[in-house]
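Here the structure comes first, spelled out in structure tokens, and everything after it is commentary.
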Amino acid sequence: MQPNNFYHSLLTGLALIFLMSACNKKDSNTPRNRGDNGVTGSVNDSVFFIAKDIYLWNDVLPDSATFKPNQYANPIVLFNALRTYKKDASGNDLDRYSFVDNGGTSRALQQGIAGDMGFEVGYQTDSTLFVVYAYPGSPADKAGIKRGWELIAVNGVTRFRNDDATNDMLNAAFGSASTSWSFRKPDNTTQQYNLSRVDYKLNPILYSHLYDFNGNKIGYFVFNNFVALSDVKAQIDSTFDAYTKAGVKQVIIDLRYNGGGLIETAEYLANILVPAAKTNTTMYSQYFNNNVNTNNYGPYFKYMKAVPYYPSVNWSDIFYSEATTYKTAKFQKSGALALNKVTFLGTRNTVSASELLYNVLKPVMTTKLVGSNTYGKPVGFINISFGKYDMYAVNFQTKNSANEGDYFSGLPADIKVTDNFSLDWGSLSDPLLRAALTDMGVDAGSLGRTAKLNGNRLAVTPANRLESTKFKGMIQTIRQ
């Protein structure tokens, strides 16, 4: 369990996945044509029968007569019920991942647009809240709000407890069109801001730096979402080109709050970090259910067009290609960065595509994971649209070149360290960064004193809003 408890607004960053509607999509739960075969049915029927075809664990799903898809108010409610059929060995729901939303995830990840105030807060103790991060270019960033600032008032409320009442209050504040926030800065001055939700381009690079400790040059890169590669490639290239020119041999990749995203971007980073000698060797393989492997689908899915991505191509052909032609991804070294070691910073909030990046590099180069155990999501989605709804059903599982990929309980940290929200990015007192640097051979004496965690009683309750509001997953890019 991670000692620090995140509180993530329902309308912050990728938390929009459950609330926002995609542009130009029509709402419908009435009978409609599903393809050239003339099959019709409600959206609920479509979601159910297509899940029966492509859901990774479709063998546990009941038949239509038992499940009664149209008893549910909408596809979101339906799918929340459907995913509870997959249990782990202890009888708990294994599928913590699948969902149906109405367009916000695609908008944030695949279009790179967020619509919020642009920052997150977390409980450092049971009664103290700190800014965990602010997205570059967001309203919070433009106001100058930084990680490590203590939140001291929200719309006049000045007392916080890590409980439902405070969480409900914060939900309402983050969800409002405009909210008054007051902060205490590290210099002990205070500042009040009125922030409004706006649309802005999502930049997932929260911080990057090149450290030089007596000639030991180490790159540090904080990456918070795997948005579409086209939206972030130039910034990634610029950062790692600078590391290469400086002769960097060790890199720290900070994914401590990264909930995942598009696999294409994870692959791109893996190809920058991997040794050149590993080119054309296996990066990972993906595994689908038997229906997909044998191209055997029911009438709902067989002729369904891949709208809006490839409207002239059938989804069934795309899935079969992923299970066969594109089953195995191989490393293709990019750039001239030649590393001796890559250290990842991770927490319970490190999920899916973030875990994939670490997992694929683990067998092929020297790596370390510093922080706490990760979330545990070795499975991914190919999202499918139904009118205004997008279905993110778990479709495939990934395994690295050592056939490792069953980390449903999380990837274990090699060096366990407690996070500290009260320190800004790059602080040499940051426990996770400090542990990574000392493990890379940096003398602890050159890093200054270790900062104490703020307060005496750390937040230890298990509720974690990140798990209920922020996107968790990896989305496969369609390859045709």
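Ordering of the structure tokens sets the chain letters (A, B, ...), residue numbers begin anew at 1 in every chain, and ligands are numbered from 1 in the order given.
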
Item checked: Residue contacts of A:Leu262 (7 Å, only C-alpha atoms) excluding same-chain residues fewer than 4 positions away, as a VMD selection string -> chain A and resid 226 to 228 266 474 to 477

Next item on the list: From stretch 203-428 of chain A, collect each residue whose DSSP state is strand (DSSP E or B) and return the set as a VMD selection string.
Entry: chain A and resid 205 to 213 216 to 223 226 250 to 254 260 to 262 282 to 287 305 to 306 310 to 314 328 to 330 341 to 346 367 to 371 379 to 381 384 to 386 389 to 392 394 to 400 415 to 416

Note to self: Using only C-alpha atoms for the distances, tell me which of A:Val121, A:Leu94, A:Leu345, A:Val100 is nearest to A:Asn80.
What the structure shows: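 Ranked by minimum distance to A:Asn80, first place goes to A:Val100.
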
Shell around stretch 398-402 of chain A at 7 Å using only C-alpha atoms, local window under 6 positions removed, as a compact mmCIF listing (two decimals) with C-alpha atoms, in the first residue's frame:
```
# COMPACT_ATOMS: atom_id res chain seq x y z
CA THR A 282 11.74 -9.13 -29.11
CA MET A 283 10.37 -6.15 -27.21
CA TYR A 284 7.04 -7.76 -26.23
CA SER A 285 4.36 -10.11 -27.54
CA GLN A 286 0.61 -9.66 -27.19
CA TYR A 287 -1.93 -12.40 -26.55
CA ASN A 359 8.99 -4.56 -18.20
CA VAL A 360 10.26 -4.71 -21.81
CA PRO A 363 15.45 -8.44 -19.62
CA PRO A 378 -0.23 -6.14 -18.02
CA VAL A 379 -3.27 -5.93 -20.31
```

Wanna dump the stretch 247-332 of chain A-stretch 129-139 of chain A contacts at 12 Å for me, each residue with its shortest atom pair and the distance in Å to one decimal, counting only C-alpha atoms, ordered by chain and number, as JSON lines?
```
{"residue": "A:Arg256", "atom": "CA", "partner": "A:Val132", "partner_atom": "CA", "distance": 10.7}
{"residue": "A:Tyr257", "atom": "CA", "partner": "A:Val132", "partner_atom": "CA", "distance": 9.1}
{"residue": "A:Asn258", "atom": "CA", "partner": "A:Tyr133", "partner_atom": "CA", "distance": 11.5}
```

Keeping only N, CA, C and O atoms, write the selected residues as a tab-separated table (two decimals), in the first residue's frame.
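Everything below was put into result.tsv:
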```tsv
chain	number	residue	atom	x	y	z
A	256	ARG	N	6.07	8.03	-11.71
A	256	ARG	CA	5.40	7.73	-10.45
A	256	ARG	C	3.90	8.00	-10.47
A	256	ARG	O	3.16	7.41	-9.70
A	257	TYR	N	3.42	8.88	-11.37
A	257	TYR	CA	1.98	9.15	-11.44
A	257	TYR	C	1.42	8.88	-12.83
A	257	TYR	O	0.35	9.37	-13.18
A	258	ASN	N	2.15	8.14	-13.64
A	258	ASN	CA	1.76	7.94	-15.04
A	258	ASN	C	0.78	6.78	-15.15
A	258	ASN	O	1.11	5.62	-14.90
```

Notebook entry, point to check: In Å to one decimal, how far is atom CA of A:Trp425 from atom CA of A:Ser178?
Noted result: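 It comes out at 26.9 Å.
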
List every residue of stretch 356-432 of chain A that has an atom at most 12 Å from any atom of stretch 201-213 of chain A, giving for each one its closest atom pair and the distance in Å to one decimal, counting only C-alpha atoms, sorted by chain and then by ascending residue number, as JSON lines.
```
{"residue": "A:Asp424", "atom": "CA", "partner": "A:Tyr207", "partner_atom": "CA", "distance": 10.0}
{"residue": "A:Trp425", "atom": "CA", "partner": "A:Tyr207", "partner_atom": "CA", "distance": 6.7}
{"residue": "A:Gly426", "atom": "CA", "partner": "A:His209", "partner_atom": "CA", "distance": 7.5}
{"residue": "A:Ser427", "atom": "CA", "partner": "A:His209", "partner_atom": "CA", "distance": 10.9}
{"residue": "A:Leu428", "atom": "CA", "partner": "A:Tyr211", "partner_atom": "CA", "distance": 10.5}
```

Next item on the list: Looking only at alpha helix (DSSP H) from DSSP on the backbone, list the matching residues of stretch 102-253 of chain A as a VMD selection string.
Entry: chain A and resid 104 to 105 139 to 143 164 to 175 229 to 246

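Distances from A:Ser46, A:Asn92, A:Asn314, A:Thr84 to A:Asn70 were compared using only C-alpha atoms, and the smallest one belongs to A:Ser46.
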
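Using only C-alpha atoms, the nearest neighbour of A:Thr324 within the list A:Ala89, A:Tyr389, A:Asn290, A:Leu356 is A:Asn290.
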
Next item on the list: Find the residue from A:Val351, A:Met304, A:Met391, A:Ile272 that sits nearest to A:Gly335; use only C-alpha atoms when measuring.
Entry: A:Ile272

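Between A:Lys341 and the residues A:Gln250, A:Asn395, A:Asn194, A:Thr328, the shortest atom-to-atom distance, using only C-alpha atoms, involves A:Gln250.
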